[in-house]
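Enquirer: Below is the file work36.cif, which contains mmCIF, C-alpha atoms and all ligand atoms.
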data_coords
loop_
_atom_site.label_atom_id
_atom_site.label_comp_id
_atom_site.auth_asym_id
_atom_site.auth_seq_id
_atom_site.Cartn_x
_atom_site.Cartn_y
_atom_site.Cartn_z
CA MET A 207 34.49 -12.92 6.17
CA GLN A 208 31.66 -10.55 7.23
CA PRO A 209 30.43 -11.16 10.81
CA LEU A 210 26.89 -12.56 10.85
CA GLN A 211 24.31 -9.87 11.63
CA GLN A 212 21.93 -10.47 14.51
CA PRO A 213 18.27 -10.51 13.40
CA LEU A 214 16.71 -7.08 13.90
CA ARG A 215 14.10 -6.98 16.64
CA ILE A 216 10.69 -5.78 15.47
CA ALA A 217 7.78 -4.61 17.61
CA LEU A 218 4.33 -3.95 16.17
CA ILE A 219 1.74 -1.38 17.24
CA GLY A 220 -1.87 -2.01 16.18
CA CYS A 221 -3.14 -5.61 16.18
CA GLY A 222 -6.12 -5.10 13.85
CA GLN A 223 -6.90 -6.48 10.41
CA ILE A 224 -3.52 -6.08 8.71
CA ALA A 225 -1.34 -7.02 11.69
CA ASP A 226 -1.39 -10.76 10.98
CA ALA A 227 0.00 -10.21 7.48
CA HIS A 228 2.98 -8.33 8.98
CA LEU A 229 3.61 -10.96 11.65
CA GLN A 230 3.26 -13.78 9.14
CA GLU A 231 5.73 -12.21 6.71
CA ILE A 232 8.22 -11.25 9.44
CA ALA A 233 8.16 -14.88 10.63
CA LYS A 234 9.49 -15.94 7.21
CA LEU A 235 12.55 -13.67 7.40
CA ARG A 236 16.05 -14.45 8.64
CA CYS A 237 17.06 -10.84 9.01
CA ALA A 238 14.40 -10.01 11.62
CA ARG A 239 12.06 -11.42 14.23
CA ALA A 240 8.97 -10.07 15.96
CA VAL A 241 9.58 -9.55 19.66
CA ALA A 242 6.55 -7.61 20.93
CA VAL A 243 3.03 -6.56 20.00
CA CYS A 244 0.89 -3.74 21.31
CA ASP A 245 -2.73 -2.70 20.95
CA LEU A 246 -4.89 -0.33 22.96
CA HIS A 247 -7.18 -3.35 23.27
CA ARG A 248 -5.04 -5.73 25.24
CA ASP A 249 -7.06 -8.77 24.16
CA LEU A 250 -6.19 -8.08 20.51
CA ALA A 251 -2.50 -7.84 21.39
CA TYR A 252 -2.77 -11.00 23.45
CA GLN A 253 -4.44 -12.92 20.61
CA ALA A 254 -1.86 -11.75 18.06
CA GLY A 255 0.91 -12.73 20.45
CA ALA A 256 -0.65 -16.16 20.97
CA ARG A 257 -1.01 -16.75 17.21
CA PHE A 258 2.64 -15.94 16.53
CA GLY A 259 4.34 -17.12 19.71
CA ILE A 260 5.25 -13.60 20.88
CA GLU A 261 5.37 -13.27 24.64
CA ALA A 262 5.84 -9.52 25.12
CA ILE A 263 2.29 -8.11 25.03
CA TYR A 264 1.40 -4.46 25.66
CA ASN A 265 -1.45 -2.01 25.56
CA ASP A 266 0.84 1.00 25.99
CA HIS A 267 3.46 1.51 23.30
CA ARG A 268 5.66 3.74 25.50
CA ARG A 269 6.04 1.00 28.05
CA MET A 270 6.80 -1.43 25.24
CA LEU A 271 9.55 0.84 23.91
CA GLN A 272 11.15 1.19 27.34
CA GLU A 273 11.04 -2.49 28.22
CA VAL A 274 11.67 -4.14 24.83
CA ARG A 275 13.91 -1.57 23.09
CA PRO A 276 13.11 -2.78 19.56
CA ASP A 277 15.26 -1.87 16.56
CA ILE A 278 12.22 -1.42 14.31
CA VAL A 279 8.58 -0.67 15.05
CA HIS A 280 5.80 -1.48 12.58
CA VAL A 281 2.88 0.94 12.82
CA THR A 282 -0.32 -0.82 11.74
CA THR A 283 -2.79 1.50 13.42
CA PRO A 284 -5.48 3.66 11.71
CA ALA A 285 -4.17 6.19 9.22
CA HIS A 286 -4.87 9.29 11.34
CA THR A 287 -2.58 7.97 14.11
CA HIS A 288 0.44 7.36 11.87
CA HIS A 289 1.95 10.84 11.98
CA ARG A 290 1.99 11.20 15.74
CA LEU A 291 3.24 7.67 16.37
CA ALA A 292 5.89 7.73 13.63
CA VAL A 293 7.40 11.02 14.82
CA GLU A 294 7.49 9.76 18.40
CA LEU A 295 9.04 6.41 17.45
CA LEU A 296 11.73 8.01 15.29
CA GLN A 297 12.57 10.51 18.04
CA HIS A 298 12.80 7.60 20.42
CA GLY A 299 15.46 6.06 18.16
CA CYS A 300 13.47 3.31 16.42
CA HIS A 301 13.50 2.67 12.69
CA THR A 302 9.85 2.85 11.71
CA TYR A 303 7.79 1.01 9.10
CA VAL A 304 4.39 2.67 8.67
CA GLU A 305 1.45 1.14 6.83
CA LYS A 306 0.04 3.17 3.96
CA PRO A 307 -1.06 5.92 3.84
CA LEU A 308 2.05 7.23 5.59
CA ALA A 309 0.07 10.16 7.03
CA LEU A 310 -2.95 12.34 6.31
CA ASN A 311 -1.22 14.96 4.17
CA ALA A 312 2.11 16.10 2.77
CA GLY A 313 2.72 18.41 5.75
CA GLU A 314 2.59 15.48 8.15
CA VAL A 315 4.82 13.41 5.86
CA GLY A 316 7.37 16.24 5.83
CA GLU A 317 7.44 16.17 9.63
CA ILE A 318 7.94 12.41 9.71
CA ILE A 319 10.85 12.64 7.27
CA ALA A 320 12.35 15.51 9.26
CA ALA A 321 12.13 13.38 12.42
CA ALA A 322 13.87 10.50 10.60
CA ASN A 323 16.67 12.76 9.38
CA ALA A 324 17.12 14.38 12.79
CA SER A 325 17.28 11.07 14.65
CA GLY A 326 19.46 9.23 12.13
CA ARG A 327 16.79 6.52 11.89
CA MET A 328 14.96 5.38 8.76
CA VAL A 329 11.29 5.42 7.90
CA CYS A 330 9.56 3.18 5.40
CA VAL A 331 5.99 3.36 4.08
CA GLY A 332 4.04 0.20 3.22
CA HIS A 333 4.06 0.58 -0.57
CA ASP A 334 4.47 -3.17 -0.59
CA GLN A 335 3.07 -3.96 -4.03
CA LEU A 336 6.19 -2.41 -5.57
CA PHE A 337 8.09 -5.38 -4.11
CA ASP A 338 5.65 -8.03 -5.32
CA PRO A 339 7.45 -10.59 -7.55
CA ALA A 340 5.04 -9.95 -10.46
CA TRP A 341 5.54 -6.19 -10.22
CA LEU A 342 9.33 -6.59 -10.03
CA GLU A 343 9.21 -8.73 -13.18
CA CYS A 344 7.12 -6.09 -14.94
CA ARG A 345 9.59 -3.37 -13.93
CA HIS A 346 12.50 -5.46 -15.17
CA ARG A 347 10.81 -6.04 -18.54
CA ILE A 348 9.97 -2.35 -18.91
CA ASP A 349 13.51 -1.32 -17.95
CA SER A 350 14.94 -3.75 -20.50
CA GLY A 351 12.95 -1.96 -23.23
CA GLU A 352 10.43 -4.72 -23.97
CA ILE A 353 7.50 -2.37 -24.56
CA GLY A 354 9.45 0.71 -25.65
CA ALA A 355 8.81 4.00 -23.90
CA VAL A 356 5.96 3.98 -21.35
CA ARG A 357 3.11 6.26 -22.39
CA HIS A 358 0.11 5.26 -20.24
CA VAL A 359 -0.59 3.28 -17.04
CA GLU A 360 -3.99 1.93 -16.06
CA SER A 361 -4.24 0.88 -12.44
CA VAL A 362 -7.24 -0.97 -11.04
CA LEU A 363 -8.26 -1.75 -7.49
CA GLY A 364 -11.47 -3.78 -7.13
CA TYR A 365 -12.58 -3.39 -3.52
CA PRO A 366 -16.01 -4.92 -2.86
CA LEU A 367 -17.67 -3.39 0.17
CA SER A 368 -18.69 -6.89 1.22
CA GLY A 369 -15.02 -7.92 1.36
CA GLN A 370 -12.74 -8.45 4.35
CA PHE A 371 -11.55 -4.85 4.57
CA GLY A 372 -14.54 -3.03 3.01
CA ALA A 373 -17.33 -4.54 5.11
CA LEU A 374 -16.47 -2.92 8.44
CA ALA A 375 -15.93 0.56 7.05
CA SER A 376 -19.07 0.52 4.90
CA SER A 377 -21.44 -0.83 7.56
CA ASP A 378 -20.34 1.58 10.32
CA PRO A 379 -20.74 5.32 9.63
CA GLY A 380 -18.56 6.02 12.68
CA HIS A 381 -15.66 3.85 11.47
CA TRP A 382 -12.35 5.73 11.42
CA VAL A 383 -11.96 5.15 7.67
CA ARG A 384 -15.16 7.10 6.98
CA ARG A 385 -13.86 10.16 8.81
CA LEU A 386 -10.48 10.47 7.08
CA PRO A 387 -10.11 13.60 4.91
CA GLY A 388 -10.50 11.52 1.76
CA GLY A 389 -12.93 9.05 3.34
CA LEU A 390 -12.71 5.46 2.10
CA PHE A 391 -10.40 6.57 -0.74
CA HIS A 392 -7.85 7.88 1.75
CA ASN A 393 -7.37 4.40 3.15
CA THR A 394 -7.35 2.59 -0.19
CA ILE A 395 -5.97 4.45 -3.18
CA SER A 396 -2.30 4.55 -2.20
CA HIS A 397 -1.77 1.12 -3.78
CA PRO A 398 -3.24 1.84 -7.21
CA LEU A 399 -1.76 5.37 -7.18
CA TYR A 400 1.84 4.41 -6.50
CA ARG A 401 1.60 1.74 -9.22
CA ILE A 402 1.05 4.70 -11.56
CA THR A 403 3.54 7.16 -10.06
CA GLU A 404 6.32 4.57 -10.31
CA LEU A 405 6.11 5.15 -14.06
CA LEU A 406 4.79 8.72 -14.18
CA PRO A 407 7.58 10.89 -12.77
CA ASP A 408 5.94 14.34 -12.83
CA ALA A 409 5.69 16.33 -9.62
CA GLU A 410 2.54 18.17 -10.68
CA PRO A 411 0.60 16.22 -13.30
CA GLN A 412 -2.82 17.47 -14.36
CA ILE A 413 -5.49 15.72 -12.31
CA ASP A 414 -9.13 15.07 -13.06
CA ALA A 415 -10.81 13.11 -10.23
CA ARG A 416 -14.49 12.09 -10.03
CA TRP A 417 -16.26 10.23 -7.26
CA PHE A 418 -19.69 8.68 -7.02
CA ALA A 419 -21.79 6.70 -4.55
CA ARG A 420 -22.68 3.25 -5.80
CA ASN A 421 -25.63 1.08 -4.80
CA ASN A 422 -27.19 3.70 -2.52
CA ALA A 423 -24.03 4.04 -0.43
CA ASP A 424 -24.33 7.00 1.93
CA PHE A 425 -20.71 8.01 1.27
CA PRO A 426 -18.50 8.40 -1.82
CA SER A 427 -17.63 4.81 -2.66
CA ASP A 428 -16.06 4.79 -6.11
CA LEU A 429 -13.37 6.92 -7.72
CA ARG A 430 -11.95 7.59 -11.17
CA VAL A 431 -8.76 9.62 -11.55
CA GLU A 432 -7.01 10.72 -14.73
CA LEU A 433 -3.43 11.98 -14.46
CA GLN A 434 -1.57 13.74 -17.25
CA GLY A 435 2.18 14.12 -17.01
CA GLY A 436 4.61 15.43 -19.63
CA ALA A 437 5.20 12.08 -21.35
CA VAL A 438 3.03 9.61 -19.44
CA THR A 439 -0.66 9.59 -18.55
CA GLY A 440 -2.40 7.45 -15.94
CA SER A 441 -5.91 6.21 -15.12
CA LEU A 442 -6.83 5.04 -11.66
CA LEU A 443 -9.98 2.99 -11.21
CA PHE A 444 -11.17 2.32 -7.67
CA ASP A 445 -14.39 0.35 -7.81
CA THR A 446 -16.54 -1.28 -5.13
CA ALA A 447 -18.80 -3.20 -7.54
CA ILE A 448 -16.21 -5.35 -9.26
CA GLU A 449 -14.50 -8.40 -7.87
CA PRO A 450 -11.35 -7.94 -5.76
CA GLN A 451 -8.50 -7.34 -8.15
CA ARG A 452 -5.16 -5.60 -8.36
CA ILE A 453 -4.36 -5.16 -12.02
CA THR A 454 -2.02 -2.75 -13.78
CA ARG A 455 -1.71 -2.34 -17.54
CA VAL A 456 1.32 -0.48 -18.80
CA TYR A 457 1.16 0.77 -22.39
CA GLY A 458 4.38 1.49 -24.23
CA THR A 459 5.30 2.54 -27.75
CA GLN A 460 6.01 -1.13 -28.62
CA GLY A 461 3.38 -3.09 -26.73
CA CYS A 462 1.67 -3.43 -23.42
CA LEU A 463 2.25 -5.42 -20.23
CA THR A 464 -0.57 -6.53 -17.95
CA VAL A 465 0.39 -7.34 -14.36
CA ASP A 466 -2.14 -9.23 -12.27
CA LEU A 467 -0.88 -9.29 -8.69
CA ASP A 468 -3.54 -11.76 -7.59
CA ALA A 469 -2.92 -14.25 -10.40
CA GLN A 470 0.85 -13.54 -10.27
CA THR A 471 1.02 -13.17 -14.04
CA VAL A 472 2.70 -10.68 -16.33
CA GLU A 473 1.53 -10.86 -19.94
CA ARG A 474 2.55 -8.92 -22.99
CA ARG A 475 0.31 -7.74 -25.81
CA ARG A 476 1.77 -6.39 -29.02
CA ALA A 477 0.76 -5.94 -32.63
CA PRO A 478 0.98 -9.19 -34.67
CA LYS A 479 3.87 -9.56 -37.11
CA LEU A 480 1.87 -11.65 -39.58
CA PRO A 481 -0.38 -9.81 -42.04
CA GLY A 482 -4.20 -9.66 -42.10
CA ALA A 483 -6.13 -12.72 -41.00
CA PHE A 484 -2.90 -14.58 -40.07
CA GLY A 485 -2.40 -11.98 -37.34
CA ARG A 486 -5.71 -13.08 -35.78
CA LEU A 487 -4.18 -16.53 -35.37
CA GLU A 488 -0.77 -15.30 -34.26
CA THR A 489 -2.09 -13.21 -31.35
CA PRO A 490 -4.15 -15.91 -29.59
CA TRP A 491 -1.34 -18.40 -30.23
CA ARG A 492 1.16 -16.08 -28.59
CA ASN A 493 -1.24 -15.38 -25.71
CA TRP A 494 -1.77 -19.08 -25.19
CA ARG A 495 2.00 -19.70 -25.02
CA GLN A 496 2.44 -16.88 -22.53
CA SER A 497 -0.33 -18.23 -20.33
CA ALA A 498 1.27 -21.68 -20.48
CA ARG A 499 4.59 -20.16 -19.35
CA CYS A 500 2.86 -18.35 -16.46
CA LEU A 501 1.09 -21.55 -15.46
CA ARG A 502 4.34 -23.55 -15.50
CA ARG A 503 6.08 -20.96 -13.37
CA ASN A 504 3.21 -20.64 -10.89
CA VAL A 505 3.02 -24.44 -10.53
CA GLY A 506 6.73 -24.41 -9.65
CA ARG A 507 6.19 -21.62 -7.11
CA PHE A 508 3.14 -23.42 -5.71
CA LEU A 509 5.20 -26.59 -5.18
CA ARG A 510 7.85 -24.52 -3.41
CA SER A 511 5.09 -22.88 -1.26
CA ASP A 512 6.11 -19.57 -2.76
CA LEU A 513 2.76 -18.05 -3.83
CA HIS A 514 1.71 -15.55 -1.19
CA TYR A 515 -0.76 -12.66 -1.30
CA PHE A 516 1.58 -10.47 0.76
CA ALA A 517 4.87 -11.52 -0.87
CA GLY A 518 5.47 -7.86 -1.70
CA MET A 519 5.20 -6.96 1.97
CA ARG A 520 7.84 -9.53 2.85
CA GLY A 521 10.11 -8.17 0.11
CA LEU A 522 9.70 -4.63 1.38
CA ILE A 523 10.26 -5.52 5.06
CA GLU A 524 13.39 -7.42 4.06
CA ALA A 525 14.61 -4.53 1.90
CA PHE A 526 14.04 -2.17 4.86
CA CYS A 527 16.04 -4.45 7.18
CA ASN A 528 18.85 -4.66 4.62
CA ALA A 529 18.87 -0.88 4.26
CA ILE A 530 19.09 -0.46 8.04
CA GLN A 531 21.96 -2.92 8.27
CA ALA A 532 23.76 -1.32 5.33
CA GLY A 533 23.12 2.25 6.51
CA GLY A 534 20.75 3.17 3.63
CA PRO A 535 19.33 4.18 1.25
CA PRO A 536 15.69 3.50 2.26
CA PRO A 537 13.79 1.12 -0.07
CA ILE A 538 11.10 3.74 -0.79
CA ALA A 539 12.71 7.11 -1.49
CA TYR A 540 11.55 9.94 0.77
CA THR A 541 10.89 12.07 -2.32
CA GLU A 542 8.37 9.44 -3.46
CA MET A 543 6.66 9.42 -0.06
CA ARG A 544 6.19 13.19 -0.34
CA ARG A 545 5.11 13.09 -3.99
CA VAL A 546 2.51 10.32 -3.62
CA THR A 547 1.06 12.00 -0.53
CA HIS A 548 0.97 15.38 -2.27
CA LEU A 549 -0.91 13.83 -5.21
CA MET A 550 -3.39 12.24 -2.82
CA ASP A 551 -3.91 15.65 -1.18
CA ARG A 552 -4.61 17.12 -4.60
CA ILE A 553 -7.01 14.33 -5.57
CA PHE A 554 -9.07 14.80 -2.39
CA ALA A 555 -9.05 18.57 -2.72
CA GLU A 556 -9.93 18.63 -6.42
CA MET A 557 -12.26 15.67 -6.86
CA GLN A 558 -15.77 16.38 -8.10
CA PRO A 559 -18.96 14.30 -8.10
CA LEU A 560 -19.48 12.32 -11.29
CA GLY A 561 -22.88 13.48 -12.49
CA VAL A 562 -25.66 14.02 -9.97
CA GLN A 563 -25.11 12.25 -6.66
CA PRO A 564 -27.66 11.53 -3.92
CA VAL A 565 -28.48 14.51 -1.73
CA GLY A 566 -26.45 14.50 1.48
CA VAL A 567 -23.60 12.34 0.22
CA GLN A 568 -20.50 14.40 0.81
CA PRO A 569 -16.89 13.55 -0.03
CA SER A 570 -16.18 12.91 3.65
CA GLY A 571 -14.91 16.32 4.60
CA CYS A 572 -12.45 16.47 1.72
CA ARG A 573 -13.05 20.19 1.30
CA THR A 574 -12.18 20.94 4.92
CA ALA A 575 -10.29 18.07 6.39
CA LEU A 576 -6.94 18.69 4.78
CA ASP A 577 -6.37 20.68 7.96
CA SER A 578 -5.43 17.16 9.22
CA ARG A 579 -7.44 17.18 12.41
CA PRO A 580 -7.53 13.48 13.30
CA PRO A 581 -10.82 11.67 13.66
CA THR A 582 -11.39 10.99 17.33
CA ALA A 583 -12.89 7.50 17.56
CA VAL A 584 -9.60 5.73 18.18
CA SER A 585 -7.31 7.00 20.89
CA THR A 586 -3.81 7.90 19.79
CA THR A 587 -2.14 7.90 23.17
N1 LIG A 601 -0.95 -3.14 2.95
C1 LIG A 601 -2.22 -3.47 2.82
O1 LIG A 601 -2.63 -4.12 1.86
C2 LIG A 601 -3.18 -3.04 3.91
C3 LIG A 601 -4.38 -3.74 4.07
C4 LIG A 601 -5.24 -3.32 5.10
C5 LIG A 601 -4.92 -2.22 5.90
N2 LIG A 601 -3.76 -1.55 5.67
C6 LIG A 601 -3.42 -0.34 6.46
O2 LIG A 601 -3.11 -0.74 7.80
C7 LIG A 601 -3.53 0.27 8.71
C8 LIG A 601 -4.46 -0.36 9.76
O3 LIG A 601 -5.59 -0.87 9.10
P1 LIG A 601 -6.48 -2.02 9.77
O4 LIG A 601 -7.55 -2.31 8.78
O5 LIG A 601 -5.60 -3.13 10.24
O6 LIG A 601 -7.09 -1.21 11.02
P2 LIG A 601 -7.92 -1.80 12.27
O7 LIG A 601 -8.85 -0.74 12.68
O8 LIG A 601 -8.43 -3.16 11.96
O9 LIG A 601 -6.79 -2.00 13.39
C9 LIG A 601 -6.09 -0.93 13.97
C10 LIG A 601 -5.71 -1.33 15.39
O10 LIG A 601 -4.83 -0.33 15.90
C11 LIG A 601 -5.11 -0.19 17.30
N3 LIG A 601 -4.58 1.10 17.75
C12 LIG A 601 -4.98 2.35 17.40
N4 LIG A 601 -4.22 3.29 18.00
C13 LIG A 601 -3.32 2.61 18.76
C14 LIG A 601 -2.26 3.01 19.63
N5 LIG A 601 -1.97 4.28 19.84
N6 LIG A 601 -1.55 2.04 20.26
C15 LIG A 601 -1.85 0.75 20.06
N7 LIG A 601 -2.82 0.30 19.26
C16 LIG A 601 -3.56 1.22 18.60
C17 LIG A 601 -6.62 -0.32 17.37
O11 LIG A 601 -7.04 -0.67 18.66
C18 LIG A 601 -6.89 -1.42 16.34
O12 LIG A 601 -6.92 -2.70 16.93
C19 LIG A 601 -4.21 1.36 7.87
O13 LIG A 601 -3.30 2.38 7.62
C20 LIG A 601 -4.58 0.63 6.60
O14 LIG A 601 -4.63 1.47 5.46
C21 LIG A 601 -2.88 -1.95 4.71
#
Rewrite the coordinates I just gave you, this time as structure tokens.
Ligand SMILES: NC(=O)c1ccc[n+]([C@@H]2O[C@H](COP(=O)([O-])OP(=O)(O)OC[C@H]3O[C@@H](n4cnc5c(N)ncnc54)[C@H](O)[C@@H]3O)[C@@H](O)[C@H]2O)c1

Expert:
Amino acid sequence: MQPLQQPLRIALIGCGQIADAHLQEIAKLRCARAVAVCDLHRDLAYQAGARFGIEAIYNDHRRMLQEVRPDIVHVTTPAHTHHRLAVELLQHGCHTYVEKPLALNAGEVGEIIAAANASGRMVCVGHDQLFDPAWLECRHRIDSGEIGAVRHVESVLGYPLSGQFGALASSDPGHWVRRLPGGLFHNTISHPLYRITELLPDAEPQIDARWFARNNADFPSDLRVELQGGAVTGSLLFDTAIEPQRITRVYGTQGCLTVDLDAQTVERRRAPKLPGAFGRLETPWRNWRQSARCLRRNVGRFLRSDLHYFAGMRGLIEAFCNAIQAGGPPPIAYTEMRRVTHLMDRIFAEMQPLGVQPVGVQPSGCRTALDSRPPTAVSTT
């Protein structure tokens, strides 16, 4: 019989908006437990600790590392601090889970991966939606041939600027998000992009990216990206005027699957088998049956308290713990971390305004900031 593994001890750096989701999901796991939290603002660390019953509270991550000696550290700080922290943590001997985007450009990501390889520790990036139950079901159905060969992926992120995450960045011109090389897009498009790249394997697809400023925003707020690979194309829609939504539509040679991560549904569309007008009855009938199946399953999950917005995050954290205990491989391949970051670099470098945009609205330093100088508002000590 295998000896029982001790739960891995996780510390978290950065007790801002996304920290609670991490602490909540870690609390549901048997393979790990949160043992310490750290924020430059001690009161934020204290509050997070109080909410989750964590007694070890720090405002200096180096002290935390020395005193707590965690197995894993979650980095939930602003994007421009990820590279420096991740390299340091890996060199210190901690496995490191970094929120998306892993770093500001592919050069920084290369250095993080090199630090992981040199230290014999693993790094994981928060591409959590790939571990969402609805996405996993979609992948399984694609892999089993249900829609034939994948030819196109449409990936939507609705991100209202009045929402929980958009409001702060849009109302404060000095907010760290606004000064990333790709501005707001740098902090947001990883999720819809990796939902495309999962199914579009090319290293250097053609890219056509267009931004615009909606509703008199004084910064580029909305983005459209077309990607063309050898066999698969992709469309990314990042929009601040539609309701919050995380939808992916995968088109294959024999049908199409629509994954709605918020509704936790996966629905198939395909050409009707019945001829002419009968087909107009067959399709809604089939759709209705599918919706009934989704409803039945979601009711079951609801009764088991198993419908969670961040279920994918829990799945990914658990997969990372399992990989650490098994000695690898990491749940998100390092080649994918490099490729997604490289494509983001290209999008920010190549994107053009869509039509005429208001005078003075600039794509947040995208032309110059790929030099990766970090914004300075938040200390990275
Ligand atoms: N997976 C998701 O769906 C999701 C959602 C929101 C945010 N995020 C990502 O999480 C990261 C953080 O975003 P946020 O909105 O929570 O940011 P935030 O600004 O709300 O919080 C960041 C916190 O980090 C602290 N911090 C900065 N440098 C530090 C350091 N060196 N040591 C200790 N604390 C430090 C700050 O004081 C702040 O409290 C970003 O990369 C963002 O893209 C992911």

Enquirer: What residues of the protein or nucleic acid chains come within 7 Å of ligand LIG 601 (chain A) when you use only C-alpha atoms and all ligand atoms? Reply as number ranges by chain.

Expert: A: 219-225, 244-247, 250, 265-267, 282-285, 287, 305-307, 332, 334, 371, 393-394, 584-587

Enquirer: Using all atoms of region 268-284 of chain A listed in the file and a margin of 3 Å per side, can you give the axis-aligned box centre and edge lengths in Å to one decimal, as JSON?

Expert:
{"center_x": 4.9, "center_y": -0.2, "center_z": 20.0, "size_x": 26.7, "size_y": 13.9, "size_z": 22.5}

Enquirer: Give me, as a list in words, all polymer residues having an atom no more than 12 Å from Ser368 (chain A), counting only C-alpha atoms and skipping those fewer than 3 positions away in the same chain.

Expert: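 That gives Gly364, Tyr365, Phe371, Gly372, Ala373, Leu374, Ala375, Ser376, Ser377, Thr446, Ala447, Ile448, Glu449 and Pro450 of chain A.
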
Enquirer: Please measure the separation of CA of Arg357 (chain A) and CA of Glu404 (chain A), giving the value in Å to one decimal.

Expert: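 Between these atoms lies a distance of 12.6 Å.
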
Enquirer: Looking at A:Ala238, A:Asn311, A:Ile348, A:Ala539, which one is nearest to Pro387 (chain A), with distances taken over all atoms listed in the file?

Expert: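 Among the listed residues, A:Asn311 lies closest to Pro387 (chain A).
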
Enquirer: Could you tell me which of A:Val438, A:Val293, A:Met519, A:Ile395 comes closest to Gln412 (chain A) if we count only C-alpha atoms?

Expert: A:Val438

Enquirer: Report, in Å with one decimal, the straight-line distance from CA of Trp494 (chain A) to CA of Leu509 (chain A).

Expert: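 We find that CA of Trp494 (chain A) and CA of Leu509 (chain A) lie 22.5 Å from each other.
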
Enquirer: May I ask for the distance between CA of Met328 (chain A) and CA of His301 (chain A), given in Å to one decimal place?

Expert: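 Between CA of Met328 (chain A) and CA of His301 (chain A) the gap works out to 5.0 Å.
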
Enquirer: Write out as a list in words each polymer residue whose atoms come within 6 Å of Ser441 (chain A), counting all atoms listed in the file; drop sequence neighbours fewer than 6 positions from it.

Expert: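 Once the adjacent positions are removed, what remains is Glu360, Val431 and Glu432 of chain A.
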
Enquirer: Take the residues from that selection and write them out as an mmCIF file, in the frame of the given file, keeping C-alpha atoms.

Expert:
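Final file, out.cif:
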data_model
loop_
_atom_site.group_PDB
_atom_site.id
_atom_site.type_symbol
_atom_site.label_atom_id
_atom_site.label_comp_id
_atom_site.auth_asym_id
_atom_site.auth_seq_id
_atom_site.Cartn_x
_atom_site.Cartn_y
_atom_site.Cartn_z
ATOM 1 C CA GLU A 360 -3.990 1.930 -16.060
ATOM 2 C CA VAL A 431 -8.760 9.620 -11.550
ATOM 3 C CA GLU A 432 -7.010 10.720 -14.730
#

Enquirer: When distances are computed from only C-alpha atoms, which of A:His286, A:Arg545, A:Arg474, A:Arg236 shows the smallest separation from Leu399 (chain A)?

Expert: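 When distances to Leu399 (chain A) are compared using only C-alpha atoms, the smallest one comes from A:Arg545.
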
Enquirer: Compare A:Cys237, A:Leu549, A:Leu291, A:Val562 by their minimum atom-to-atom distance to Ile413 (chain A), counting only C-alpha atoms, and give me the closest one.

Expert: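 The closest residue to Ile413 (chain A) is A:Leu549.
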
Enquirer: Within 9 Å of (5.6, -2.7, -11.4), in the coordinates the file gives, what residues turn up when you count only C-alpha atoms, written out as a PDB file with C-alpha atoms, keeping the file's coordinate frame?

Expert:
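For reference, result_4.pdb as written:
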ATOM      1  CA  GLN A 335       3.070  -3.960  -4.030  1.00  0.00           C
ATOM      2  CA  LEU A 336       6.190  -2.410  -5.570  1.00  0.00           C
ATOM      3  CA  PHE A 337       8.090  -5.380  -4.110  1.00  0.00           C
ATOM      4  CA  ASP A 338       5.650  -8.030  -5.320  1.00  0.00           C
ATOM      5  CA  PRO A 339       7.450 -10.590  -7.550  1.00  0.00           C
ATOM      6  CA  ALA A 340       5.040  -9.950 -10.460  1.00  0.00           C
ATOM      7  CA  TRP A 341       5.540  -6.190 -10.220  1.00  0.00           C
ATOM      8  CA  LEU A 342       9.330  -6.590 -10.030  1.00  0.00           C
ATOM      9  CA  GLU A 343       9.210  -8.730 -13.180  1.00  0.00           C
ATOM     10  CA  CYS A 344       7.120  -6.090 -14.940  1.00  0.00           C
ATOM     11  CA  ARG A 345       9.590  -3.370 -13.930  1.00  0.00           C
ATOM     12  CA  HIS A 346      12.500  -5.460 -15.170  1.00  0.00           C
ATOM     13  CA  ILE A 348       9.970  -2.350 -18.910  1.00  0.00           C
ATOM     14  CA  ARG A 401       1.600   1.740  -9.220  1.00  0.00           C
ATOM     15  CA  ILE A 402       1.050   4.700 -11.560  1.00  0.00           C
ATOM     16  CA  GLU A 404       6.320   4.570 -10.310  1.00  0.00           C
ATOM     17  CA  LEU A 405       6.110   5.150 -14.060  1.00  0.00           C
ATOM     18  CA  THR A 454      -2.020  -2.750 -13.780  1.00  0.00           C
ATOM     19  CA  VAL A 456       1.320  -0.480 -18.800  1.00  0.00           C
ATOM     20  CA  VAL A 465       0.390  -7.340 -14.360  1.00  0.00           C
TER      21      VAL A 465
END
